[in-house]
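S.K.: Input: one structure, supplied below.
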Amino acid sequence: MSPVPTTRFDRWFEKLSRSTARRSSRRSFLARCGAWLAASSTLPLLPVARPIGAAEPAANPKAPGKFPSRFANHAQTNDPTRCNYWRYCASDGYMCACCGGGPHTCPAGTVPAPTSWIGSCINPDDGKTYLIAYRDCCGQDSCGRCPCLGQEGDMPSYRPQLNSDIVWCFGASSMVYHCSSAGLVGLAE
Amino acid sequence: MAGSAVAAGQDDLDAGAKLQLAEPHVTATLGPTSQRRLYVLDTAFPAAEAARTYILDGSTGALEGMFNQAYWPNFAVSPDGSELYAVDSYWEKHTRGKRSDYIVVRDARTLEVKEDIPLPAGRLLIVSKKYNFDVTPDGRYGLTYNLAPQTAVSVTDLKARKPVGAIGIPGCGLIFAQASQRFSTLCADGSIATVTFDASAQASIKHVAGVFDARGDPAFEHSAWDKHGQMLYLITYHGDVVPVSLASDEAAPQTKWSLTSAAERAAGWRPGGWQVSHFHSATRRLYVLMHRGHDWTQKSSGTEVWEFDAAAGKRLKRIRLSEPAQSLAVSQDGDPILYTISESERIYGFRVDSGKQLYRTAPLGFTPQLLTVWGD
């Protein structure tokens, strides 16, 4: 139902945190989460990432513009304090860049969640698709600045692995959400 | 003063010129719960620890009271209208320390706390969705959704004021309680699971597959639930309606129909918002927030409310909103009022019969998000 191949906006539950040193409690959580996923035969085979092109069917695959993503066609790469910053194609919440942090930096007083979603966004400068780790920063109440509502790929909470309304601070030292970050993971192609 | 003595308790002032020199300072009590009372859950997005529920006179929009809630809460009214249930999560040092989760029971008229019933298994913290908490029609059980990380429903005995247990619902979410010991839930594969449980939360589950297309055209979380008619009207992202009878221990889907004509769909009309639909049980009418947009605008505000005869699958009316709205609800009385929460955080009231706007309030709280009426 996406105007783009929906895999570009799929957020996969990251099996292994690629950039954050993990404590045993985090591993414990991931192990338990694996149990949850295993218990749910109806869910995709997460946390294994699905191949590009194999996810949600597109109800309206056409999007006007240069790229097959409405978001990418209006995105910019210079200002992470604006909602159309290219990495935020599937982000939802208060952007950490407006809160004393940055796209891959949690503000002082908060900690990055050990778990994250993986999305993929098109960089309009080079036209390439990059994997993005959407990671909540946790430990203080809502930052309250730069609210951005990314809707592309957002699914209802009975599909939790694709829902952006959940407080994804599982395994962190605090379950209190502060802001949303969007760190680069690598090229998707 | 000789000869002009004033008798005790008397003076020469006109009665209307007297001021009461001392008055008692009292606390108001709300009137009995009515179908026109409106509860507005403010999730306080930019300061989420400051969530609260406001209580309004739905006939006028006047504020009658409020009480604090906690982190990403839920709310419901008891079926008999005597109690209010707040599902809250607290940390002992505001945002730090040991976490505790409760169903907080309040008297519906004094708002005094009668009981804090613990939720020992916790609850899912998520931007508040109405059907992550439901009360069985007889008022006996409160059902709360959890993901920790298994998806489960915690059962609380609201009469005995104690937790009963938890029921695993793998791959499913949301709660639609249709009988004293039965609820249904939507599943990630497009099935509906109906759970029948006993007094110790032992459960049996029946799945009905293929009710809706959870991958290609998922149903809104705030689809319309007619608890009295035991009908769930699934509203899909694209604008279809899948009626499902939940009158037995197995979901029974009925023929799908569309909110829009082919021309309207081509013009971009589709449902969207947060609390995107609601139902008036007595007239079996369905109300949906609609806007013109494209795919992935399922959370965009509605510019109109469309009214449907749910039995016939026929639209009856379009109500154009003076301000786009995120949420809506309809009072359940015989002369219903349609309520909306606007993008400027105001509550609007409209007469359903004429579509005429009755009032709009001043901005209410931080981010009013969910509306609850008694008897829905």
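In the structure tokens, chains take the letters A, B, ... in the order shown, each chain's residues start at 1, and ligands count up from 1 in the order shown.
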As a PyMOL selection string, please: the residues near stretch 149-158 of chain B (cut-off 8 Å, only C-alpha atoms, same-chain neighbours under 3 positions excluded).

M.R.: (chain A and resi 32-33+35-37+39) or (chain B and resi 119+121+139-146+161-173+201)

S.K.: For stretch 185-187 of chain A, find every residue with an atom within 9 Å (counting only C-alpha atoms), except residues of its own chain fewer than 6 positions away, and show them as a PyMOL selection string.

M.R.: chain A and resi 18-19+118+120+128-133

S.K.: Write a file of the just-selected residues containing C-alpha atoms, as a CSV table (one decimal), in the first residue's frame.

M.R.:
chain,number,residue,atom,x,y,z
A,18,ARG,CA,25.7,-2.9,15.2
A,19,SER,CA,27.0,0.2,16.9
A,118,ILE,CA,16.0,-0.8,10.7
A,120,SER,CA,15.8,2.2,4.6
A,128,LYS,CA,21.3,5.3,-3.1
A,129,THR,CA,19.3,3.6,-0.4
A,130,TYR,CA,20.8,3.4,3.0
A,131,LEU,CA,19.9,1.3,6.1
A,132,ILE,CA,18.9,3.4,9.0
A,133,ALA,CA,18.8,2.3,12.7

S.K.: From the options A:Ala108, A:Ala72, A:Leu162, A:Met155, which residue's atoms come nearest to chain B, counting only C-alpha atoms?

M.R.: A:Met155

S.K.: Using only C-alpha atoms, which of the listed residues (A:Ser142, A:Pro64, A:Cys169, A:Gly127) sits closest to B:Thr43?

M.R.: A:Ser142

S.K.: Counting only C-alpha atoms, which residues of chain B fall within 9 Å of chain A, and what is the closest atom pair for each with its distance in Å at one decimal, ordered by chain and rising number, as CSV?

M.R.:
residue,atom,partner,partner_atom,distance
B:Phe45,CA,A:Ser142,CA,7.1
B:Pro46,CA,A:Gly144,CA,4.1
B:Ala47,CA,A:Ser142,CA,5.4
B:Ala48,CA,A:Ser142,CA,6.2
B:Glu49,CA,A:Asp141,CA,6.8
B:Tyr71,CA,A:Val176,CA,8.5
B:Thr95,CA,A:Gln140,CA,6.7
B:Arg96,CA,A:Ser174,CA,7.2
B:Gly97,CA,A:Ser174,CA,8.7
B:Leu124,CA,A:Ile166,CA,7.8
B:Leu125,CA,A:Val167,CA,5.7
B:Ile126,CA,A:Ile166,CA,4.2
B:Val127,CA,A:Asp165,CA,5.3
B:Ser128,CA,A:Asp165,CA,8.6
B:Leu147,CA,A:Trp36,CA,8.9
B:Ala148,CA,A:Cys33,CA,8.2
B:Pro149,CA,A:Cys33,CA,5.5
B:Gln150,CA,A:Trp36,CA,4.7
B:Thr151,CA,A:Trp36,CA,7.5
B:Ile169,CA,A:Ser40,CA,8.8
B:Pro170,CA,A:Ser40,CA,4.9
B:Gly171,CA,A:Ser40,CA,4.7
B:Cys172,CA,A:Tyr158,CA,5.3
B:Gly173,CA,A:Tyr158,CA,4.3
B:Leu174,CA,A:Tyr158,CA,6.9
B:Thr185,CA,A:Tyr158,CA,8.7
B:Leu186,CA,A:Tyr158,CA,6.5
B:Cys187,CA,A:Tyr158,CA,5.9
B:Ala188,CA,A:Arg159,CA,5.2
B:Asp189,CA,A:Thr42,CA,5.4
B:Ala214,CA,A:Arg159,CA,8.3
B:Arg215,CA,A:Glu56,CA,5.8
B:Gly216,CA,A:Pro57,CA,5.5
B:Asp217,CA,A:Met1,CA,6.8
B:Pro218,CA,A:Pro156,CA,7.3
B:Ala219,CA,A:Pro156,CA,7.6
B:Phe220,CA,A:Pro156,CA,6.7
B:Glu221,CA,A:Pro156,CA,6.2
B:Tyr237,CA,A:Met1,CA,8.7
B:His238,CA,A:Met1,CA,8.3
B:His294,CA,A:Pro3,CA,8.2
B:Asp295,CA,A:Ser2,CA,5.8
B:Trp296,CA,A:Glu152,CA,5.0
B:Thr297,CA,A:Gln151,CA,6.5
B:Gln298,CA,A:Gln151,CA,7.3
B:Lys299,CA,A:Gln151,CA,7.0
B:Ser300,CA,A:Gln151,CA,8.8

S.K.: Using the selection just defined, write its residues with C-alpha atoms as an mmCIF file, in the first residue's frame.

M.R.:
data_model
loop_
_atom_site.group_PDB
_atom_site.id
_atom_site.type_symbol
_atom_site.label_atom_id
_atom_site.label_comp_id
_atom_site.auth_asym_id
_atom_site.auth_seq_id
_atom_site.Cartn_x
_atom_site.Cartn_y
_atom_site.Cartn_z
ATOM 1 C CA PHE B 45 2.877 14.271 24.310
ATOM 2 C CA PRO B 46 5.586 16.888 24.962
ATOM 3 C CA ALA B 47 5.551 16.106 28.701
ATOM 4 C CA ALA B 48 4.174 12.598 28.771
ATOM 5 C CA GLU B 49 4.461 12.192 32.534
ATOM 6 C CA TYR B 71 2.718 7.369 31.612
ATOM 7 C CA THR B 95 11.089 8.957 35.794
ATOM 8 C CA ARG B 96 13.429 6.745 37.822
ATOM 9 C CA GLY B 97 13.352 3.834 40.177
ATOM 10 C CA LEU B 124 2.687 -2.210 27.065
ATOM 11 C CA LEU B 125 3.858 1.385 26.979
ATOM 12 C CA ILE B 126 2.606 2.849 23.727
ATOM 13 C CA VAL B 127 0.954 6.058 22.603
ATOM 14 C CA SER B 128 -2.458 5.493 24.130
ATOM 15 C CA LEU B 147 4.110 -7.040 25.274
ATOM 16 C CA ALA B 148 6.888 -8.129 27.564
ATOM 17 C CA PRO B 149 8.022 -9.430 25.096
ATOM 18 C CA GLN B 150 5.309 -12.044 24.616
ATOM 19 C CA THR B 151 1.992 -10.557 23.631
ATOM 20 C CA ILE B 169 -2.153 -14.143 22.551
ATOM 21 C CA PRO B 170 0.819 -14.839 20.249
ATOM 22 C CA GLY B 171 0.909 -12.583 17.244
ATOM 23 C CA CYS B 172 -2.189 -10.610 18.219
ATOM 24 C CA GLY B 173 -3.066 -7.282 19.791
ATOM 25 C CA LEU B 174 -5.935 -5.023 20.929
ATOM 26 C CA THR B 185 -8.154 -9.665 19.363
ATOM 27 C CA LEU B 186 -6.721 -8.771 15.944
ATOM 28 C CA CYS B 187 -3.781 -10.758 14.675
ATOM 29 C CA ALA B 188 -0.811 -9.941 12.485
ATOM 30 C CA ASP B 189 -1.834 -12.514 9.876
ATOM 31 C CA ALA B 214 -3.145 -7.197 7.631
ATOM 32 C CA ARG B 215 -0.228 -6.717 5.248
ATOM 33 C CA GLY B 216 -1.744 -4.979 2.245
ATOM 34 C CA ASP B 217 -4.654 -3.101 3.782
ATOM 35 C CA PRO B 218 -4.553 -3.297 7.581
ATOM 36 C CA ALA B 219 -7.457 -2.417 9.843
ATOM 37 C CA PHE B 220 -7.235 0.677 12.005
ATOM 38 C CA GLU B 221 -6.664 0.098 15.698
ATOM 39 C CA TYR B 237 -6.385 2.027 5.568
ATOM 40 C CA HIS B 238 -7.825 2.064 2.045
ATOM 41 C CA HIS B 294 -2.586 9.343 -0.601
ATOM 42 C CA ASP B 295 -1.179 6.125 0.771
ATOM 43 C CA TRP B 296 0.518 6.432 4.134
ATOM 44 C CA THR B 297 -1.668 9.279 5.334
ATOM 45 C CA GLN B 298 -3.534 7.032 7.740
ATOM 46 C CA LYS B 299 -2.727 9.301 10.683
ATOM 47 C CA SER B 300 -3.563 12.543 8.903
#

S.K.: Please, which residues of stretch 238-373 of chain B, numbered as in this document, come out alpha helix (DSSP H) from DSSP, as JSON, numbers by chain?

M.R.: {"B": [262, 263, 264, 265, 266]}

S.K.: Mind pulling up the distance from atom CA of B:Ile341 to atom CA of B:Ser59?

M.R.: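 Calculated distance between atom CA of B:Ser59 and atom CA of B:Ile341 is 15.2 Å.
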
S.K.: When you count only C-alpha atoms, which of these residues is closest to A:Asn78: A:Ala172, A:Tyr134, A:Cys179, A:Asn123?

M.R.: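 Nearest candidate to A:Asn78 out of A:Ala172, A:Tyr134, A:Cys179, A:Asn123: A:Asn123.
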